[in-house]
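J.: Input structure: protein_20.txt, which contains compact mmCIF, C-alpha atoms and all ligand atoms.
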# COMPACT_ATOMS: atom_id res chain seq x y z
CA MET A 1 -0.94 -28.15 5.93
CA PRO A 2 -0.45 -25.42 8.51
CA MET A 3 -1.95 -21.97 8.11
CA ARG A 4 0.35 -19.56 6.28
CA THR A 5 0.21 -15.78 5.98
CA ILE A 6 1.66 -14.79 2.62
CA ALA A 7 2.48 -11.13 2.07
CA ILE A 8 2.66 -9.98 -1.55
CA GLY A 9 4.27 -6.80 -2.88
CA ASP A 10 2.89 -4.10 -5.18
CA ILE A 11 0.85 -5.80 -7.93
CA GLN A 12 -0.10 -2.64 -9.91
CA GLY A 13 -2.27 -4.43 -12.44
CA CYS A 14 0.26 -7.21 -13.12
CA TYR A 15 -2.39 -9.91 -12.95
CA LYS A 16 -0.55 -12.57 -14.99
CA THR A 17 2.57 -12.29 -12.86
CA LEU A 18 0.41 -12.47 -9.74
CA GLN A 19 -1.11 -15.76 -10.93
CA ARG A 20 2.41 -17.13 -11.59
CA LEU A 21 3.46 -16.11 -8.10
CA LEU A 22 0.43 -17.81 -6.54
CA GLU A 23 1.36 -21.04 -8.37
CA ARG A 24 4.94 -20.69 -7.17
CA VAL A 25 3.90 -20.39 -3.51
CA GLN A 26 1.37 -23.21 -4.03
CA TYR A 27 -1.31 -20.93 -2.72
CA ASN A 28 -4.25 -22.77 -1.20
CA PRO A 29 -7.17 -20.58 -0.04
CA ALA A 30 -8.19 -23.24 2.47
CA HIS A 31 -4.89 -22.90 4.35
CA ASP A 32 -3.31 -19.61 3.35
CA GLN A 33 -4.21 -16.01 4.03
CA LEU A 34 -2.87 -13.36 1.67
CA PHE A 35 -1.62 -9.93 2.74
CA LEU A 36 -1.53 -7.41 -0.10
CA VAL A 37 0.62 -4.35 0.63
CA GLY A 38 -1.47 -2.06 -1.58
CA ASP A 39 -1.15 -0.50 -5.04
CA LEU A 40 -3.26 -3.25 -6.55
CA VAL A 41 -3.87 -1.03 -9.56
CA ASN A 42 -2.43 1.39 -12.12
CA ARG A 43 0.43 1.41 -14.63
CA GLY A 44 0.31 -2.36 -15.21
CA PRO A 45 -1.84 -3.97 -17.95
CA ASP A 46 -4.78 -5.47 -16.04
CA SER A 47 -5.85 -3.59 -12.92
CA LEU A 48 -9.46 -4.66 -13.46
CA SER A 49 -8.69 -8.39 -13.11
CA VAL A 50 -6.63 -7.76 -9.96
CA LEU A 51 -9.52 -5.89 -8.31
CA ARG A 52 -12.08 -8.52 -9.33
CA TRP A 53 -9.83 -11.31 -8.06
CA ALA A 54 -9.20 -9.68 -4.65
CA LYS A 55 -12.84 -8.70 -4.13
CA GLU A 56 -14.02 -12.18 -5.11
CA LEU A 57 -11.60 -13.92 -2.70
CA GLY A 58 -13.06 -11.83 0.10
CA ASP A 59 -11.90 -10.42 3.40
CA LYS A 60 -11.38 -13.78 5.08
CA HIS A 61 -8.82 -14.91 2.50
CA VAL A 62 -7.14 -11.67 1.55
CA LYS A 63 -6.26 -8.63 3.64
CA VAL A 64 -5.68 -5.50 1.63
CA VAL A 65 -4.29 -2.12 2.65
CA LEU A 66 -4.66 0.86 0.34
CA GLY A 67 -1.74 2.36 -1.57
CA ASN A 68 -1.30 5.72 -3.30
CA HIS A 69 -2.32 4.26 -6.68
CA ASP A 70 -5.49 2.80 -5.15
CA LEU A 71 -6.26 6.28 -3.77
CA TYR A 72 -5.55 7.68 -7.24
CA LEU A 73 -8.23 5.37 -8.66
CA LEU A 74 -10.66 6.61 -5.99
CA SER A 75 -9.70 10.21 -6.86
CA LEU A 76 -10.50 9.58 -10.55
CA TYR A 77 -13.77 7.80 -9.77
CA PHE A 78 -14.99 10.61 -7.52
CA GLY A 79 -13.95 13.31 -10.00
CA VAL A 80 -11.28 14.76 -7.73
CA LYS A 81 -8.61 14.14 -10.38
CA MET A 82 -8.81 14.00 -14.18
CA MET A 83 -7.53 11.05 -16.18
CA ARG A 84 -4.22 11.73 -17.87
CA LYS A 85 -4.05 11.31 -21.62
CA ASP A 86 -0.66 9.61 -21.71
CA LYS A 87 -0.26 5.83 -21.79
CA LYS A 88 0.76 5.67 -18.16
CA ASP A 89 -2.85 5.93 -17.11
CA SER A 90 -4.06 2.38 -17.32
CA LEU A 91 -7.24 2.76 -15.27
CA ARG A 92 -9.63 3.47 -18.15
CA ALA A 93 -10.81 -0.16 -18.46
CA THR A 94 -11.50 -0.28 -14.71
CA LEU A 95 -13.48 2.97 -14.75
CA ASN A 96 -15.50 1.81 -17.79
CA ALA A 97 -16.20 -1.69 -16.44
CA PRO A 98 -19.85 -2.63 -15.76
CA ASP A 99 -18.91 -3.58 -12.19
CA CYS A 100 -16.81 -0.47 -11.53
CA ASP A 101 -19.24 0.84 -8.88
CA GLU A 102 -19.08 -2.42 -6.91
CA LEU A 103 -15.29 -2.60 -7.19
CA VAL A 104 -14.85 0.97 -5.95
CA ALA A 105 -17.41 0.40 -3.18
CA TRP A 106 -15.29 -2.55 -2.04
CA LEU A 107 -11.95 -0.75 -2.47
CA ARG A 108 -12.87 2.29 -0.37
CA MET A 109 -13.81 0.01 2.55
CA GLN A 110 -10.27 -1.34 2.79
CA PRO A 111 -8.09 -0.14 5.67
CA LEU A 112 -4.82 1.80 5.42
CA LEU A 113 -3.12 -0.21 8.15
CA TYR A 114 -3.81 -3.74 9.32
CA LYS A 115 -2.48 -5.50 12.40
CA LYS A 116 -2.22 -9.25 12.81
CA GLY A 117 -0.38 -10.40 15.93
CA LYS A 118 3.05 -8.80 15.88
CA ASN A 119 2.79 -7.82 12.21
CA LEU A 120 1.67 -4.51 10.75
CA LEU A 121 0.69 -4.32 7.09
CA VAL A 122 0.95 -0.91 5.40
CA HIS A 123 1.66 0.38 1.90
CA ALA A 124 4.45 2.93 2.45
CA GLY A 125 5.37 3.18 6.11
CA ILE A 126 4.64 4.49 9.59
CA LEU A 127 5.85 7.87 10.80
CA PRO A 128 8.83 7.34 13.16
CA ALA A 129 7.13 9.41 15.90
CA TRP A 130 4.01 7.24 15.98
CA THR A 131 3.40 4.36 18.36
CA THR A 132 1.42 1.36 17.14
CA LYS A 133 -1.64 2.68 18.95
CA GLU A 134 -1.33 6.15 17.39
CA ALA A 135 -0.71 4.70 13.92
CA LEU A 136 -3.84 2.52 14.17
CA ALA A 137 -5.97 5.41 15.46
CA ASN A 138 -4.76 7.79 12.73
CA ALA A 139 -5.26 5.13 10.04
CA GLU A 140 -8.80 4.58 11.28
CA LEU A 141 -9.54 8.31 11.19
CA ALA A 142 -8.45 8.54 7.54
CA ALA A 143 -10.24 5.29 6.61
CA GLU A 144 -13.44 6.66 8.16
CA TYR A 145 -13.31 9.59 5.71
CA LEU A 146 -12.74 7.21 2.78
CA ARG A 147 -15.66 4.97 3.75
CA GLY A 148 -18.12 7.79 4.36
CA PRO A 149 -19.64 10.90 2.76
CA LYS A 150 -16.50 13.00 3.34
CA ILE A 151 -14.35 11.01 0.92
CA VAL A 152 -14.38 13.82 -1.68
CA GLU A 153 -13.47 16.42 0.94
CA LEU A 154 -10.44 14.38 2.06
CA LEU A 155 -9.22 13.38 -1.42
CA THR A 156 -9.55 16.98 -2.63
CA TYR A 157 -7.61 18.34 0.32
CA TRP A 158 -4.99 15.59 -0.01
CA ASN A 159 -4.50 16.26 -3.72
CA THR A 160 -4.07 20.03 -3.27
CA HIS A 161 -2.03 20.45 -0.08
CA SER A 162 1.45 19.28 0.84
CA CYS A 163 0.52 17.71 4.24
CA ASN A 164 4.02 16.45 5.09
CA SER A 165 4.29 17.18 8.81
CA TRP A 166 2.47 15.85 11.84
CA LYS A 167 1.32 18.05 14.71
CA LYS A 168 -1.16 17.35 17.50
CA SER A 169 -2.82 20.73 16.76
CA LEU A 170 -3.87 19.81 13.18
CA SER A 171 -7.57 19.70 12.33
CA LYS A 172 -9.20 16.30 11.77
CA LEU A 173 -9.13 16.81 8.01
CA GLU A 174 -5.45 17.81 8.06
CA LYS A 175 -4.62 14.81 10.25
CA ALA A 176 -6.39 12.49 7.83
CA ALA A 177 -4.52 13.99 4.85
CA VAL A 178 -1.09 13.76 6.55
CA THR A 179 -1.96 10.19 7.47
CA LEU A 180 -2.70 9.32 3.83
CA ASN A 181 0.76 10.59 2.91
CA VAL A 182 2.47 8.72 5.74
CA LEU A 183 0.78 5.41 5.10
CA THR A 184 0.73 5.49 1.28
CA ARG A 185 3.53 7.78 0.01
CA MET A 186 6.33 8.28 2.56
CA ARG A 187 9.84 6.94 1.89
CA THR A 188 12.20 9.20 3.80
CA CYS A 189 11.92 11.60 6.74
CA SER A 190 13.76 14.76 7.77
CA SER A 191 12.58 14.49 11.38
CA LEU A 192 10.57 12.08 13.52
CA LYS A 193 7.39 13.91 12.44
CA THR A 194 8.23 15.27 8.97
CA MET A 195 8.42 13.29 5.74
CA ASP A 196 9.79 14.05 2.31
CA LEU A 197 7.44 13.28 -0.58
CA ALA A 198 9.73 13.92 -3.55
CA PHE A 199 12.71 11.59 -3.36
CA SER A 200 12.05 8.09 -4.73
CA GLY A 201 15.55 6.82 -5.60
CA LYS A 202 17.81 4.39 -3.81
CA PRO A 203 18.39 5.10 -0.10
CA LYS A 204 22.12 5.69 -0.71
CA ASP A 205 21.28 8.50 -3.15
CA ALA A 206 18.97 10.35 -0.75
CA PRO A 207 19.67 14.07 -0.34
CA ARG A 208 21.47 15.07 2.84
CA GLY A 209 19.16 15.03 5.85
CA LEU A 210 16.69 12.53 4.44
CA ILE A 211 16.67 9.14 6.15
CA PRO A 212 14.48 6.13 5.28
CA TRP A 213 11.55 6.20 7.73
CA PHE A 214 12.32 2.66 8.95
CA LYS A 215 15.90 3.63 9.87
CA TYR A 216 15.06 6.92 11.57
CA PRO A 217 16.85 7.13 14.97
CA GLY A 218 14.33 6.98 17.79
CA ARG A 219 11.58 5.34 15.75
CA GLU A 220 8.83 4.38 18.21
CA ILE A 221 7.63 1.03 16.89
CA THR A 222 10.13 -1.71 17.59
CA SER A 223 7.79 -4.40 18.91
CA HIS A 224 6.04 -5.07 15.58
CA LYS A 225 7.30 -6.21 12.21
CA ILE A 226 6.19 -3.70 9.56
CA VAL A 227 5.42 -5.26 6.18
CA PHE A 228 5.35 -2.67 3.39
CA GLY A 229 5.89 -1.99 -0.32
CA HIS A 230 5.85 1.24 -2.36
CA TRP A 231 9.60 1.78 -2.67
CA ALA A 232 10.67 -0.01 -5.86
CA ALA A 233 14.19 1.47 -5.78
CA LEU A 234 14.65 -0.01 -2.31
CA GLY A 235 13.55 -3.44 -3.52
CA TYR A 236 13.11 -6.52 -1.37
CA LYS A 237 14.68 -5.95 2.06
CA LYS A 238 14.35 -7.87 5.26
CA SER A 239 15.33 -6.90 8.76
CA SER A 240 14.31 -7.89 12.28
CA ASP A 241 11.57 -5.23 12.39
CA PHE A 242 10.51 -4.69 8.77
CA ILE A 243 10.08 -6.39 5.40
CA ALA A 244 10.06 -4.33 2.19
CA LEU A 245 8.32 -6.12 -0.68
CA ASP A 246 8.19 -3.85 -3.73
CA SER A 247 10.60 -5.47 -6.19
CA GLY A 248 9.39 -3.36 -9.12
CA CYS A 249 7.19 -5.82 -11.02
CA VAL A 250 5.46 -3.06 -12.98
CA TRP A 251 8.87 -1.70 -14.07
CA GLY A 252 9.92 -5.09 -15.48
CA GLY A 253 11.32 -6.35 -12.17
CA SER A 254 9.70 -9.07 -10.16
CA LEU A 255 6.77 -9.72 -7.85
CA THR A 256 7.70 -10.93 -4.40
CA ALA A 257 5.87 -12.93 -1.74
CA TYR A 258 7.02 -13.59 1.81
CA CYS A 259 5.58 -16.12 4.21
CA LEU A 260 5.43 -14.65 7.71
CA GLU A 261 5.42 -18.04 9.47
CA ASP A 262 8.26 -19.93 7.78
CA LYS A 263 10.09 -16.77 6.56
CA LYS A 264 10.39 -18.10 3.02
CA LYS A 265 10.65 -15.67 0.13
CA PHE A 266 9.30 -16.31 -3.36
CA SER A 267 9.90 -14.14 -6.38
CA VAL A 268 8.84 -14.33 -10.03
CA ARG A 269 10.01 -12.16 -12.90
CA SER A 270 7.35 -10.01 -14.53
CA VAL A 271 5.60 -11.82 -17.39
CA GLU A 272 3.59 -8.76 -18.45
CA GLU A 273 3.83 -7.46 -22.02
MN MN B 301 2.94 3.15 -4.02
If you convert what's in this file into structure tokens, what do you get?
Ligand SMILES: [Mn+2]
T.:
Amino acid sequence: MPMRTIAIGDIQGCYKTLQRLLERVQYNPAHDQLFLVGDLVNRGPDSLSVLRWAKELGDKHVKVVLGNHDLYLLSLYFGVKMMRKDKKDSLRATLNAPDCDELVAWLRMQPLLYKKGKNLLVHAGILPAWTTKEALANAELAAEYLRGPKIVELLTYWNTHSCNSWKKSLSKLEKAAVTLNVLTRMRTCSSLKTMDLAFSGKPKDAPRGLIPWFKYPGREITSHKIVFGHWAALGYKKSSDFIALDSGCVWGGSLTAYCLEDKKKFSVRSVEE
């Protein structure tokens, strides 16, 4: 069987549905590499099992990029944010698990952007003004903070400032924080360098002046296919230069996989309770 690269949309703790999807694609670790677009955790019923599964499979078999909910887990773990009391916060079991330290140690080592051949894997998107080279350099700068002793400094700054616009003159910390928003939260932009962080509806309902980042006129990256998730209201979408994979599993929708080599799409309805 030839080697396949199978990209999978936002899992968000939907472990049972993930297992169904892996059966559907006839996943074989000996031949297939998985690409996870981030948001492995939160809101769904079993974030802990998703983290254990991905960590156990290891870097050779599964490539992960971090999403905003993964960063939220890191923010809770490092005391930058407080757990919410409502039911939406489903990360308690993960934070109380005996292997929580190991899981977080693994999670914070994951990149924010990953390149394989002509494909770029990212959770939310890439700022229209950025070239592939710039995007990779900025992602590495932010990932360096997350891996090292300055993780608390970055997460604190990120959680307390708006950081929605890119400028060359920004400090390193500001650049890293804007980069976290670009790569893990952006959906629409109001200029090549400025994103909106509020609107999360369908593209056709976007307020005047806001354009999906992947449709922004003059977007720099055209030579790579950008594989991303994060935008449940957008759903599964495929074009010559991007693939959107968040089909809203955690909202009762479905979990989607896409094979980069044979361009086949697989989708299973959520089986979570
Ligand atoms: Mn997300």
J.: Might you pull out every residue within 8 Å of Tyr114 (chain A), with all atoms listed in the file counted and same-chain residues fewer than 3 positions away left off, and present them as an NGL selection string?
T.: :A and (63 or 65 or 111 or 120-122 or 136)
J.: Leaving out region 211-219 of chain A and any residue of its chain fewer than 5 positions from it, which residues lie within 9 Å of it when counting all atoms listed in the file, given as a ChimeraX atom specification?
T.: /A:125-131,186-192,195,203,206,226,241-242
J.: Collect all residues with atoms no farther than 8 Å from ligand MN 301 (chain B), counting all atoms listed in the file, and output them as a list in words.
T.: Asp10, Gly38, Asp39, Gly67, Asn68, His69, His123, Ala124, Thr184, Arg185, Gly229, His230 and Trp231 of chain A
J.: Produce a file of the selected residues containing C-alpha atoms, as a compact mmCIF listing (two decimals), in the frame of the given file.
T.:
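That gives us again22.txt:
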# COMPACT_ATOMS: atom_id res chain seq x y z
CA ASP A 10 2.89 -4.10 -5.18
CA GLY A 38 -1.47 -2.06 -1.58
CA ASP A 39 -1.15 -0.50 -5.04
CA GLY A 67 -1.74 2.36 -1.57
CA ASN A 68 -1.30 5.72 -3.30
CA HIS A 69 -2.32 4.26 -6.68
CA HIS A 123 1.66 0.38 1.90
CA ALA A 124 4.45 2.93 2.45
CA THR A 184 0.73 5.49 1.28
CA ARG A 185 3.53 7.78 0.01
CA GLY A 229 5.89 -1.99 -0.32
CA HIS A 230 5.85 1.24 -2.36
CA TRP A 231 9.60 1.78 -2.67
J.: So what do you get for CA of Cys259 (chain A) versus CA of Ile8 (chain A), distance-wise?
T.: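 Those two atoms sit 8.9 Å apart.
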J.: Hey, can you check how far CA of Cys14 (chain A) sits from CA of Lys118 (chain A)?
T.: 29.2 Å
J.: Just give me the gap between CA of Tyr258 (chain A) and CA of Ala7 (chain A) in Å, one decimal is fine.
T.: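 CA of Tyr258 (chain A) sits 5.2 Å away from CA of Ala7 (chain A).
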J.: Got a sec to check which residues sit within 6 Å of (-4.6, -6.7, -14.5), counting only C-alpha atoms, and write them as a list in words?
T.: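 Collected hits near the coordinates: Gly13, Cys14, Tyr15, Pro45, Asp46, Ser47, Leu48, Ser49 and Val50 of chain A.
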